[in-house]
>>> print(open('my_file.csv').read())   # CSV, C-alpha atoms and all ligand atoms
chain,number,residue,atom,x,y,z
A,924,MET,CA,-26.2,11.1,37.8
A,925,THR,CA,-25.3,8.7,35.2
A,926,GLY,CA,-21.9,8.7,33.5
A,927,ASN,CA,-23.2,10.1,30.3
A,928,THR,CA,-20.5,12.5,29.3
A,929,SER,CA,-20.3,14.2,26.0
A,930,GLU,CA,-17.5,16.4,24.7
A,931,ALA,CA,-19.5,19.5,25.4
A,932,ALA,CA,-20.2,18.6,29.0
A,933,ILE,CA,-16.6,18.6,29.9
A,934,PRO,CA,-15.8,21.9,31.6
A,935,ASP,CA,-12.6,23.8,30.6
A,936,GLY,CA,-9.6,22.5,32.4
A,937,ALA,CA,-11.1,19.1,33.2
A,938,ALA,CA,-9.5,15.9,31.9
A,939,SER,CA,-10.5,15.1,28.4
A,940,PRO,CA,-12.9,12.1,28.0
A,941,HIS,CA,-10.5,10.6,25.5
A,942,PRO,CA,-7.0,11.2,26.8
A,943,ASP,CA,-4.1,10.1,24.6
A,944,ILE,CA,-3.0,6.9,26.4
A,945,ARG,CA,0.6,7.5,25.5
A,946,ARG,CA,0.5,10.7,27.5
A,947,VAL,CA,-0.9,9.1,30.6
A,948,ARG,CA,1.6,9.0,33.4
A,949,SER,CA,2.1,6.1,35.8
A,950,ASN,CA,0.5,6.2,39.2
A,951,PRO,CA,3.3,6.8,41.7
A,952,ASP,CA,1.3,5.3,44.6
A,953,PHE,CA,2.8,1.8,44.0
A,954,TRP,CA,6.1,0.1,44.7
A,955,TYR,CA,8.2,0.2,41.5
A,956,PRO,CA,11.4,-1.8,41.1
A,957,VAL,CA,14.3,0.4,40.3
A,958,ALA,CA,17.3,-1.9,40.5
A,959,TRP,CA,18.3,-5.5,41.0
A,960,SER,CA,19.8,-6.2,44.5
A,961,ARG,CA,22.9,-7.7,42.8
A,962,GLU,CA,23.6,-4.3,41.2
A,963,LEU,CA,24.1,-2.7,44.6
A,964,ARG,CA,26.9,-4.1,46.7
A,965,ARG,CA,27.6,-3.2,50.4
A,966,GLY,CA,29.2,0.2,50.9
A,967,ARG,CA,28.0,1.3,47.4
A,968,THR,CA,25.4,3.5,45.8
A,969,ILE,CA,23.4,3.3,42.6
A,970,GLY,CA,21.7,6.1,40.7
A,971,VAL,CA,18.3,5.2,39.3
A,972,ARG,CA,15.3,7.0,38.0
A,973,TYR,CA,11.5,7.0,38.2
A,974,ALA,CA,9.6,9.3,35.7
A,975,GLY,CA,12.5,11.7,35.4
A,976,GLN,CA,13.2,11.9,39.2
A,977,PRO,CA,16.8,10.9,39.9
A,978,ILE,CA,17.1,8.7,43.0
A,979,VAL,CA,20.2,7.4,44.8
A,980,VAL,CA,19.9,4.1,46.6
A,981,VAL,CA,22.5,3.5,49.2
A,982,ARG,CA,23.6,0.2,50.8
A,983,PRO,CA,25.6,1.0,53.9
A,984,GLU,CA,28.2,-1.5,55.2
A,985,ALA,CA,25.7,-2.3,57.9
A,986,GLY,CA,21.9,-1.9,58.0
A,987,ALA,CA,19.1,-1.6,55.4
A,988,ILE,CA,19.2,0.2,52.1
A,989,PHE,CA,17.9,3.8,51.9
A,990,ALA,CA,16.8,6.1,49.0
A,991,LEU,CA,17.3,9.9,48.6
A,992,ASP,CA,17.0,12.4,45.8
A,993,ASP,CA,20.1,11.9,43.7
A,994,VAL,CA,20.9,15.6,43.6
A,995,CYS,CA,23.1,17.4,46.1
A,996,PRO,CA,21.1,20.6,46.9
A,997,HIS,CA,24.4,22.6,47.0
A,998,LEU,CA,25.4,22.4,43.3
A,999,GLN,CA,22.9,19.8,41.9
A,1000,LEU,CA,25.5,17.0,41.4
A,1001,PRO,CA,24.4,13.4,41.6
A,1002,LEU,CA,25.1,12.0,45.0
A,1003,SER,CA,25.4,8.6,43.5
A,1004,LYS,CA,28.9,9.7,42.3
A,1005,GLY,CA,29.8,10.1,46.0
A,1006,GLU,CA,31.0,7.8,48.7
A,1007,VAL,CA,29.3,5.8,51.4
A,1008,CYS,CA,30.7,6.7,54.9
A,1009,GLY,CA,29.1,4.6,57.6
A,1010,ASP,CA,25.4,5.4,57.4
A,1011,PHE,CA,26.0,8.5,55.3
A,1012,ILE,CA,26.4,9.4,51.7
A,1013,ARG,CA,29.1,12.0,51.0
A,1014,CYS,CA,29.0,14.3,47.9
A,1015,ALA,CA,32.0,13.8,45.7
A,1016,TYR,CA,32.5,17.6,45.2
A,1017,HIS,CA,32.6,19.4,48.6
A,1018,GLY,CA,32.0,16.5,50.9
A,1019,LEU,CA,28.6,17.4,52.2
A,1020,LYS,CA,27.2,14.4,54.0
A,1021,TYR,CA,23.6,13.2,54.1
A,1022,SER,CA,22.0,10.8,56.5
A,1023,ARG,CA,19.3,8.2,55.6
A,1024,ARG,CA,16.8,10.8,56.8
A,1025,GLY,CA,18.1,13.3,54.3
A,1026,GLN,CA,19.8,15.5,57.0
A,1027,CYS,CA,22.9,17.4,55.9
A,1028,PHE,CA,26.1,17.6,57.7
A,1029,SER,CA,29.0,19.7,56.6
A,1030,PRO,CA,32.2,18.5,58.3
A,1031,GLY,CA,34.8,21.1,58.6
A,1032,MET,CA,32.8,23.8,56.8
A,1033,LYS,CA,31.3,27.0,58.0
A,1034,LEU,CA,28.0,27.5,56.2
A,1035,GLU,CA,26.2,30.8,55.8
A,1036,ASN,CA,22.7,29.2,55.8
A,1037,GLU,CA,21.0,26.2,57.4
A,1038,PRO,CA,22.3,23.1,55.5
A,1039,PRO,CA,19.8,21.9,52.9
A,1040,ARG,CA,17.7,18.8,53.5
A,1041,LEU,CA,17.2,16.1,51.0
A,1042,ARG,CA,13.9,14.3,50.1
A,1043,THR,CA,13.8,10.7,51.2
A,1044,TRP,CA,11.9,7.9,49.6
A,1045,ALA,CA,10.4,4.7,51.0
A,1046,CYS,CA,12.6,1.9,49.8
A,1047,ARG,CA,12.4,-1.9,50.3
A,1048,GLU,CA,14.1,-5.0,49.0
A,1049,LYS,CA,12.5,-8.3,48.1
A,1050,ASP,CA,13.5,-11.4,46.2
A,1051,GLY,CA,16.5,-9.7,44.6
A,1052,LEU,CA,14.7,-6.5,43.6
A,1053,ILE,CA,15.0,-3.0,45.1
A,1054,PHE,CA,11.7,-1.1,45.1
A,1055,VAL,CA,10.9,2.5,45.8
A,1056,PHE,CA,7.6,4.2,46.6
A,1057,MET,CA,7.4,7.6,45.0
A,1058,GLY,CA,3.8,8.6,45.8
A,1059,ASP,CA,2.2,9.6,49.0
A,1060,LEU,CA,4.5,8.4,51.8
A,1061,GLU,CA,1.6,7.7,54.1
A,1062,LYS,CA,0.2,5.2,51.7
A,1063,SER,CA,3.4,3.2,51.4
A,1064,ASP,CA,2.7,1.1,54.5
A,1065,SER,CA,-0.7,0.0,53.2
A,1066,ILE,CA,0.3,-0.8,49.6
A,1067,ALA,CA,1.8,-4.3,49.4
A,1068,LEU,CA,4.9,-5.1,47.6
A,1069,PRO,CA,4.3,-7.5,44.7
A,1070,ASP,CA,4.7,-11.2,45.5
A,1071,PHE,CA,6.4,-13.8,43.3
A,1072,PRO,CA,6.4,-17.1,45.3
A,1073,ARG,CA,7.9,-19.1,42.4
A,1074,VAL,CA,11.2,-17.3,42.8
A,1075,ARG,CA,11.6,-19.1,46.2
A,1076,ASP,CA,10.0,-22.4,45.0
A,1077,PRO,CA,12.7,-25.1,44.4
A,1078,HIS,CA,10.4,-26.6,41.7
A,1079,TYR,CA,11.1,-23.6,39.6
A,1080,ARG,CA,14.1,-21.9,38.1
A,1081,THR,CA,13.8,-18.2,37.6
A,1082,ARG,CA,15.5,-15.9,35.1
A,1083,ARG,CA,15.8,-12.2,36.0
A,1084,PHE,CA,15.8,-10.1,32.9
A,1085,GLY,CA,15.4,-6.5,31.9
A,1086,LYS,CA,16.2,-4.0,29.2
A,1087,VAL,CA,15.4,-0.4,28.5
A,1088,VAL,CA,12.6,0.0,25.9
A,1089,GLN,CA,12.1,3.2,24.0
A,1090,CYS,CA,8.4,3.4,24.4
A,1091,HIS,CA,5.5,4.3,26.7
A,1092,TYR,CA,4.7,1.4,29.1
A,1093,SER,CA,1.2,1.1,27.6
A,1094,PHE,CA,2.7,-0.4,24.4
A,1095,MET,CA,4.3,-3.1,26.5
A,1096,HIS,CA,1.1,-4.0,28.3
A,1097,GLU,CA,-0.8,-4.2,25.0
A,1098,ASN,CA,1.9,-6.3,23.3
A,1099,LEU,CA,2.0,-9.0,26.0
A,1100,MET,CA,-1.8,-9.2,26.4
A,1101,ASP,CA,-2.5,-9.3,22.7
A,1102,MET,CA,-1.7,-12.9,21.7
A,1103,ASN,CA,-3.1,-12.4,18.2
A,1104,HIS,CA,0.3,-11.4,17.1
A,1105,GLN,CA,1.7,-14.9,16.7
A,1106,ILE,CA,2.7,-14.1,13.1
A,1107,LEU,CA,5.4,-11.8,14.3
A,1108,HIS,CA,7.1,-14.8,16.1
A,1109,SER,CA,6.4,-17.4,13.4
A,1110,ARG,CA,10.1,-17.7,12.4
A,1111,LEU,CA,11.0,-18.6,16.0
A,1112,VAL,CA,8.0,-20.7,17.0
A,1113,GLY,CA,6.3,-21.8,13.7
A,1114,GLY,CA,2.7,-21.3,12.9
A,1115,MET,CA,0.5,-21.0,16.0
A,1116,LYS,CA,-3.3,-20.3,15.9
A,1117,PRO,CA,-4.5,-18.6,19.1
A,1118,ARG,CA,-8.0,-19.0,20.4
A,1119,PHE,CA,-9.3,-16.4,22.8
A,1120,LEU,CA,-11.1,-18.1,25.7
A,1121,GLY,CA,-12.3,-15.0,27.5
A,1122,MET,CA,-11.5,-12.2,29.8
A,1123,ASP,CA,-12.1,-10.8,33.3
A,1124,ARG,CA,-11.9,-7.3,34.4
A,1125,GLY,CA,-12.2,-5.2,37.6
A,1126,GLU,CA,-11.2,-1.8,38.8
A,1127,ASP,CA,-7.5,-2.5,38.8
A,1128,PHE,CA,-7.1,-5.5,36.6
A,1129,VAL,CA,-7.8,-7.0,33.2
A,1130,GLU,CA,-7.1,-10.7,32.5
A,1131,ALA,CA,-7.2,-12.5,29.2
A,1132,ARG,CA,-7.0,-16.3,28.6
A,1133,TYR,CA,-5.9,-18.0,25.4
A,1134,THR,CA,-5.1,-21.4,24.1
A,1135,PHE,CA,-3.1,-22.4,21.0
A,1136,ALA,CA,-2.8,-24.9,18.2
A,1137,ARG,CA,0.2,-25.5,16.1
A,1138,THR,CA,-0.6,-25.1,12.4
A,1139,SER,CA,2.9,-25.4,10.9
A,1140,GLY,CA,6.5,-25.8,11.7
A,1141,ARG,CA,8.1,-28.1,14.3
A,1142,GLN,CA,7.9,-27.5,18.0
A,1143,PRO,CA,11.0,-25.6,19.0
A,1144,LEU,CA,13.2,-27.3,21.6
A,1145,SER,CA,12.7,-24.5,24.0
A,1146,GLU,CA,8.9,-25.0,24.0
A,1147,ALA,CA,9.5,-28.7,24.7
A,1148,LEU,CA,11.6,-27.8,27.7
A,1149,ILE,CA,8.9,-25.5,29.1
A,1150,TYR,CA,6.1,-28.1,28.7
A,1151,GLY,CA,8.4,-31.0,29.6
A,1152,GLN,CA,7.0,-32.7,26.5
A,1153,ARG,CA,8.2,-33.4,23.0
A,1154,ARG,CA,5.2,-32.7,20.7
A,1155,LYS,CA,5.8,-34.3,17.4
A,1156,ASP,CA,2.4,-33.7,15.9
A,1157,GLY,CA,0.9,-30.3,16.8
A,1158,ARG,CA,-2.6,-31.4,16.1
A,1159,ASP,CA,-2.6,-33.9,18.9
A,1160,PHE,CA,-1.7,-31.2,21.4
A,1161,ALA,CA,-4.0,-28.5,20.0
A,1162,TYR,CA,-5.7,-26.3,22.6
A,1163,ARG,CA,-4.2,-28.2,25.6
A,1164,ASP,CA,-2.4,-25.3,27.2
A,1165,VAL,CA,-4.0,-22.2,28.7
A,1166,MET,CA,-2.1,-19.0,28.8
A,1167,THR,CA,-3.4,-16.3,31.2
A,1168,ILE,CA,-2.2,-12.8,30.9
A,1169,ARG,CA,-3.1,-10.3,33.6
A,1170,THR,CA,-2.4,-6.6,34.0
A,1171,GLN,CA,-2.8,-6.0,37.8
A,1172,TYR,CA,-2.1,-2.3,37.7
A,1173,PRO,CA,0.8,-1.4,37.4
A,1174,TYR,CA,2.3,-4.9,37.0
A,1175,GLN,CA,1.7,-7.6,34.4
A,1176,THR,CA,1.9,-11.4,34.7
A,1177,LEU,CA,1.7,-14.3,32.3
A,1178,ARG,CA,1.0,-17.9,33.3
A,1179,ILE,CA,0.9,-21.1,31.2
A,1180,GLU,CA,-0.9,-24.2,32.5
A,1181,THR,CA,-1.1,-27.5,30.7
A,1182,GLU,CA,-3.2,-30.6,31.0
A,1183,GLY,CA,-2.0,-33.1,33.5
A,1184,ILE,CA,0.3,-30.8,35.5
A,1185,ASP,CA,-1.2,-29.1,38.6
A,1186,GLU,CA,1.2,-26.2,38.8
A,1187,PRO,CA,1.8,-23.7,36.0
A,1188,VAL,CA,4.7,-24.8,33.7
A,1189,MET,CA,5.7,-21.1,33.4
A,1190,GLU,CA,5.1,-17.9,35.2
A,1191,LEU,CA,6.2,-14.4,34.3
A,1192,TRP,CA,6.1,-11.3,36.4
A,1193,ILE,CA,7.0,-8.0,34.7
A,1194,ALA,CA,7.1,-4.3,35.6
A,1195,TYR,CA,7.7,-1.4,33.3
A,1196,VAL,CA,9.3,1.5,35.1
A,1197,PRO,CA,9.2,5.0,33.4
A,1198,GLN,CA,12.7,6.6,33.3
A,1199,ASP,CA,12.1,10.0,31.7
A,1200,ARG,CA,9.6,12.6,32.7
A,1201,GLU,CA,7.4,12.0,29.6
A,1202,GLU,CA,7.5,8.2,30.5
A,1203,LEU,CA,8.4,7.3,26.9
A,1204,ILE,CA,11.4,5.3,28.0
A,1205,ASN,CA,10.8,2.4,30.3
A,1206,ARG,CA,13.1,0.0,32.1
A,1207,VAL,CA,11.7,-3.5,32.2
A,1208,PHE,CA,12.1,-5.8,35.2
A,1209,GLY,CA,11.1,-9.4,34.6
A,1210,LEU,CA,11.1,-12.6,36.6
A,1211,LEU,CA,10.5,-15.6,34.4
A,1212,SER,CA,10.0,-18.8,36.4
A,1213,ILE,CA,10.0,-22.2,34.6
A,1214,ARG,CA,8.9,-25.4,36.3
A,1215,ARG,CA,11.7,-28.0,36.6
A,1216,LEU,CA,11.3,-31.1,34.5
A,1217,LYS,CA,11.1,-34.7,35.7
A,1218,ILE,CA,14.9,-34.9,35.3
A,1219,PRO,CA,15.7,-31.9,37.5
A,1220,PHE,CA,19.1,-31.0,35.9
A,1221,LEU,CA,17.8,-31.0,32.4
A,1222,LEU,CA,16.4,-27.5,32.8
A,1223,ASP,CA,19.8,-26.3,34.1
A,1224,LEU,CA,21.6,-27.9,31.1
A,1225,ALA,CA,19.2,-26.3,28.7
A,1226,TRP,CA,19.0,-23.0,30.5
A,1227,PRO,CA,21.3,-21.1,28.0
A,1228,LEU,CA,19.1,-22.3,25.2
A,1229,LEU,CA,16.0,-21.1,26.9
A,1230,ILE,CA,17.5,-17.7,27.6
A,1231,ALA,CA,18.5,-17.3,24.0
A,1232,PHE,CA,15.0,-18.3,22.9
A,1233,THR,CA,13.2,-15.9,25.2
A,1234,GLU,CA,15.7,-13.2,24.4
A,1235,ARG,CA,14.9,-13.5,20.7
A,1236,VAL,CA,11.1,-13.3,21.3
A,1237,PHE,CA,11.7,-10.3,23.4
A,1238,THR,CA,13.8,-8.6,20.8
A,1239,GLU,CA,11.1,-9.1,18.2
A,1240,ASP,CA,8.5,-7.6,20.5
A,1241,ARG,CA,10.8,-4.7,21.4
A,1242,GLU,CA,11.4,-3.7,17.8
A,1243,ILE,CA,7.7,-3.6,17.2
A,1244,VAL,CA,6.7,-1.6,20.3
A,1245,GLU,CA,9.5,0.9,19.5
A,1246,LEU,CA,8.2,1.3,16.0
A,1247,GLU,CA,4.7,1.9,17.4
A,1248,GLN,CA,6.1,4.6,19.6
A,1249,GLN,CA,8.0,6.1,16.6
A,1250,ALA,CA,4.7,6.2,14.6
A,1251,TRP,CA,3.0,8.0,17.6
A,1252,ARG,CA,5.8,10.6,17.5
A,1253,GLU,CA,5.5,11.1,13.8
A,1254,GLN,CA,1.8,11.4,13.9
A,1255,ASP,CA,1.9,13.5,17.0
A,1256,GLY,CA,-0.6,11.4,18.9
A,1257,ASP,CA,-2.4,8.1,19.2
A,1258,ARG,CA,-4.1,7.2,15.9
A,1259,ASN,CA,-4.4,3.5,16.7
A,1260,GLN,CA,-7.8,1.9,15.8
A,1261,GLU,CA,-7.9,-0.9,18.4
A,1262,VAL,CA,-10.6,-3.4,17.7
A,1263,PHE,CA,-9.9,-6.3,20.1
A,1264,PRO,CA,-12.1,-6.0,23.2
A,1265,VAL,CA,-9.6,-7.2,25.7
A,1266,ILE,CA,-7.0,-4.6,24.5
A,1267,MET,CA,-9.7,-1.9,24.6
A,1268,ALA,CA,-10.5,-2.9,28.2
A,1269,LEU,CA,-6.7,-2.8,29.0
A,1270,ARG,CA,-6.3,0.7,27.5
A,1271,GLN,CA,-9.2,1.9,29.6
A,1272,LEU,CA,-7.7,0.3,32.7
A,1273,LEU,CA,-4.3,2.0,32.1
A,1274,ILE,CA,-6.0,5.4,31.6
A,1275,GLN,CA,-8.2,5.1,34.7
A,1276,ASN,CA,-5.5,3.9,37.0
A,1277,GLY,CA,-2.8,6.2,35.7
A,1278,MET,CA,-2.4,9.9,36.2
A,1279,PRO,CA,-3.7,12.4,33.6
A,1280,SER,CA,-1.0,14.1,31.6
A,1281,GLN,CA,-0.4,17.8,32.1
A,1282,LYS,CA,-1.6,18.3,28.5
A,1283,ASP,CA,-4.9,16.5,29.1
A,1284,VAL,CA,-5.5,18.4,32.4
A,1285,GLY,CA,-5.1,21.5,30.3
A,1301,FE,FE,5.2,-11.0,21.1
>>> encode(input="my_file.csv", output="structure tokens", more="lines below")
Ligand SMILES: [Fe+2]
Amino acid sequence: MTGNTSEAAIPDGAASPHPDIRRVRSNPDFWYPVAWSRELRRGRTIGVRYAGQPIVVVRPEAGAIFALDDVCPHLQLPLSKGEVCGDFIRCAYHGLKYSRRGQCFSPGMKLENEPPRLRTWACREKDGLIFVFMGDLEKSDSIALPDFPRVRDPHYRTRRFGKVVQCHYSFMHENLMDMNHQILHSRLVGGMKPRFLGMDRGEDFVEARYTFARTSGRQPLSEALIYGQRRKDGRDFAYRDVMTIRTQYPYQTLRIETEGIDEPVMELWIAYVPQDREELINRVFGLLSIRRLKIPFLLDLAWPLLIAFTERVFTEDREIVELEQQAWREQDGDRNQEVFPVIMALRQLLIQNGMPSQKDVG
């Protein structure tokens, strides 16, 4: 049978052929970052969330971290408010203790019923990030953690950043992949004319390539630091750099390569982690790696400047995606009329790899 589906051919209760992308839920069968390693010291806990599910991650004094539901089954209080005792977490209210396997112990208390058990979640730590796997536990071993080799590469310096954005993660994917929005950043970077070079797509990825030419304004110092090159006249450097943006579900990467340098001058890895059940609030985890210049300490000296610059670009983007989300709320649905083929492909990818919303399932 061919995939020729019309509205009428969809039986009652089946997923709609045009689901509202902002209602699509993230696929839990992946490793999602939930905290930075530095946020969780030895002998401490941290309360985090994935799509409305509260999770407590525990770092005992000895041994690996572990993750449990962040709700004491007794009176539903967050266990992350409790204390770490050896390899256990103790609820702050009545002192019920839970092991890394979710087993409950009730020291000094006589209980009427079998002590409740807590759900446990697969949890790993890599390159300064704490990940959880919230999907089918059996799949967790076969699904690889994302890799970011630049973080360990001494030729690069990496900035870890993240904020909470008040919008569905699809707006974030679209914003980063759509480089036709240079006008938004023109006050920061001057006039830039993008040229779309092409795209690739597969079952679980969409990749877009662009190049740029400066049409007005001076090169910002931050850009010079990334390219390791002061570019006085933009026309001489037109279309020399290639920017590749890829959504490899559920993550996103951006890479900039320039003529004459073998390795990328910049690489960004970014994940958007839904916080609430509707997935309309996302926590961003980003690793921005910039290649060191010929004078190695120059990048360190200029680091605060680069941070300020990238922060300003991010702030402009954040304001826009949150306004898009607000329009969606006010219009009670997705009224966007996307025309750019790569973004249309991206939207399809996010729908196909995500989970249908309860509303679309019917
Ligand atoms: Fe932007």
>>> residues_near_ligand(input="my_file.csv", ligand="ligand FE 1301 (chain A)", cutoff="7 Å", atoms="all atoms listed in the file", output="PDB file with C-alpha atoms, in the frame of the given file")
ATOM      1  CA  ASN A1098       1.900  -6.300  23.300  1.00  0.00           C
ATOM      2  CA  LEU A1099       2.000  -9.000  26.000  1.00  0.00           C
ATOM      3  CA  HIS A1104       0.300 -11.400  17.100  1.00  0.00           C
ATOM      4  CA  GLN A1105       1.700 -14.900  16.700  1.00  0.00           C
ATOM      5  CA  LEU A1107       5.400 -11.800  14.300  1.00  0.00           C
ATOM      6  CA  HIS A1108       7.100 -14.800  16.100  1.00  0.00           C
ATOM      7  CA  VAL A1236      11.100 -13.300  21.300  1.00  0.00           C
ATOM      8  CA  PHE A1237      11.700 -10.300  23.400  1.00  0.00           C
ATOM      9  CA  GLU A1239      11.100  -9.100  18.200  1.00  0.00           C
ATOM     10  CA  ASP A1240       8.500  -7.600  20.500  1.00  0.00           C
TER      11      ASP A1240
END
>>> residues_around(input="my_file.csv", residues="A:Arg1024", least_positions_apart="5", cutoff="10 Å", atoms="only C-alpha atoms", output="PyMOL selection string")
chain A and resi 989-991+1011+1040-1044
>>> closest_residue(input="my_file.csv", among="A:Gly1025, A:Pro1173, A:Gly1151, A:Pro1197", to="A:Lys1217", atoms="all atoms listed in the file")
A:Gly1151
>>> residues_around(input="my_file.csv", residues="A:Arg1200", least_positions_apart="5", cutoff="10 Å", atoms="only C-alpha atoms", output="ChimeraX atom specification")
/A:948,972-976
>>> closest_atom_pairs(input="my_file.csv", of="stretch 1101-1194 of chain A", to="stretch 1084-1087 of chain A", cutoff="12 Å", atoms="only C-alpha atoms", output="JSON lines")
{"residue": "A:Leu1191", "atom": "CA", "partner": "A:Phe1084", "partner_atom": "CA", "distance": 10.6}
{"residue": "A:Trp1192", "atom": "CA", "partner": "A:Phe1084", "partner_atom": "CA", "distance": 10.4}
{"residue": "A:Ile1193", "atom": "CA", "partner": "A:Gly1085", "partner_atom": "CA", "distance": 9.0}
{"residue": "A:Ala1194", "atom": "CA", "partner": "A:Gly1085", "partner_atom": "CA", "distance": 9.3}
>>> closest_residue(input="my_file.csv", among="A:Phe1208, A:Trp959, A:Phe1220, A:Phe1094", to="A:Ile1053", atoms="all atoms listed in the file")
A:Trp959
>>> closest_atom_pairs(input="my_file.csv", of="stretch 1157-1196 of chain A", to="stretch 1068-1074 of chain A", cutoff="12 Å", atoms="only C-alpha atoms", output="CSV")
residue,atom,partner,partner_atom,distance
A:Gln1171,CA,A:Pro1069,CA,10.0
A:Tyr1172,CA,A:Pro1069,CA,10.8
A:Pro1173,CA,A:Pro1069,CA,10.1
A:Tyr1174,CA,A:Pro1069,CA,8.4
A:Gln1175,CA,A:Pro1069,CA,10.6
A:Thr1176,CA,A:Phe1071,CA,10.0
A:Leu1177,CA,A:Phe1071,CA,12.0
A:Arg1178,CA,A:Arg1073,CA,11.5
A:Glu1186,CA,A:Arg1073,CA,10.4
A:Pro1187,CA,A:Arg1073,CA,10.0
A:Val1188,CA,A:Arg1073,CA,10.9
A:Met1189,CA,A:Arg1073,CA,9.5
A:Glu1190,CA,A:Arg1073,CA,7.8
A:Leu1191,CA,A:Phe1071,CA,9.0
A:Trp1192,CA,A:Phe1071,CA,7.3
A:Ile1193,CA,A:Pro1069,CA,10.4
A:Ala1194,CA,A:Pro1069,CA,10.0
>>> closest_residue(input="my_file.csv", among="A:Tyr1092, A:Phe1135, A:Phe1232, A:Phe1028", to="A:Ser949", atoms="all atoms listed in the file")
A:Tyr1092
>>> closest_residue(input="my_file.csv", among="A:Arg1169, A:Arg1235, A:Arg1013, A:Arg1215", to="A:Glu1130", atoms="only C-alpha atoms")
A:Arg1169
>>> residues_near_point(input="my_file.csv", point="(-7.1, 6.7, 31.8)", cutoff="12 Å", atoms="all atoms listed in the file", output="VMD selection string")
chain A and resid 938 to 950 1093 1126 to 1127 1172 1267 to 1280 1283 to 1284
>>> atom_distance(input="my_file.csv", atom1="atom CA of A:Asp993", atom2="atom CA of A:Ser1065")
25.8 Å
>>> residues_around(input="my_file.csv", residues="stretch 1246-1253 of chain A", least_positions_apart="4", cutoff="7 Å", atoms="all atoms listed in the file", output="PyMOL selection string")
chain A and resi 1090+1242+1257
>>> atom_distance(input="my_file.csv", atom1="atom CA of A:Gly1009", atom2="atom CA of A:Gly966")
8.0 Å
>>> closest_residue(input="my_file.csv", among="A:Pro1001, A:Asp1010, A:Thr1170, A:Asp1255", to="A:Gly986", atoms="all atoms listed in the file")
A:Asp1010
>>> atom_distance(input="my_file.csv", atom1="atom CA of A:Lys1155", atom2="atom CA of A:Gly1183")
17.9 Å
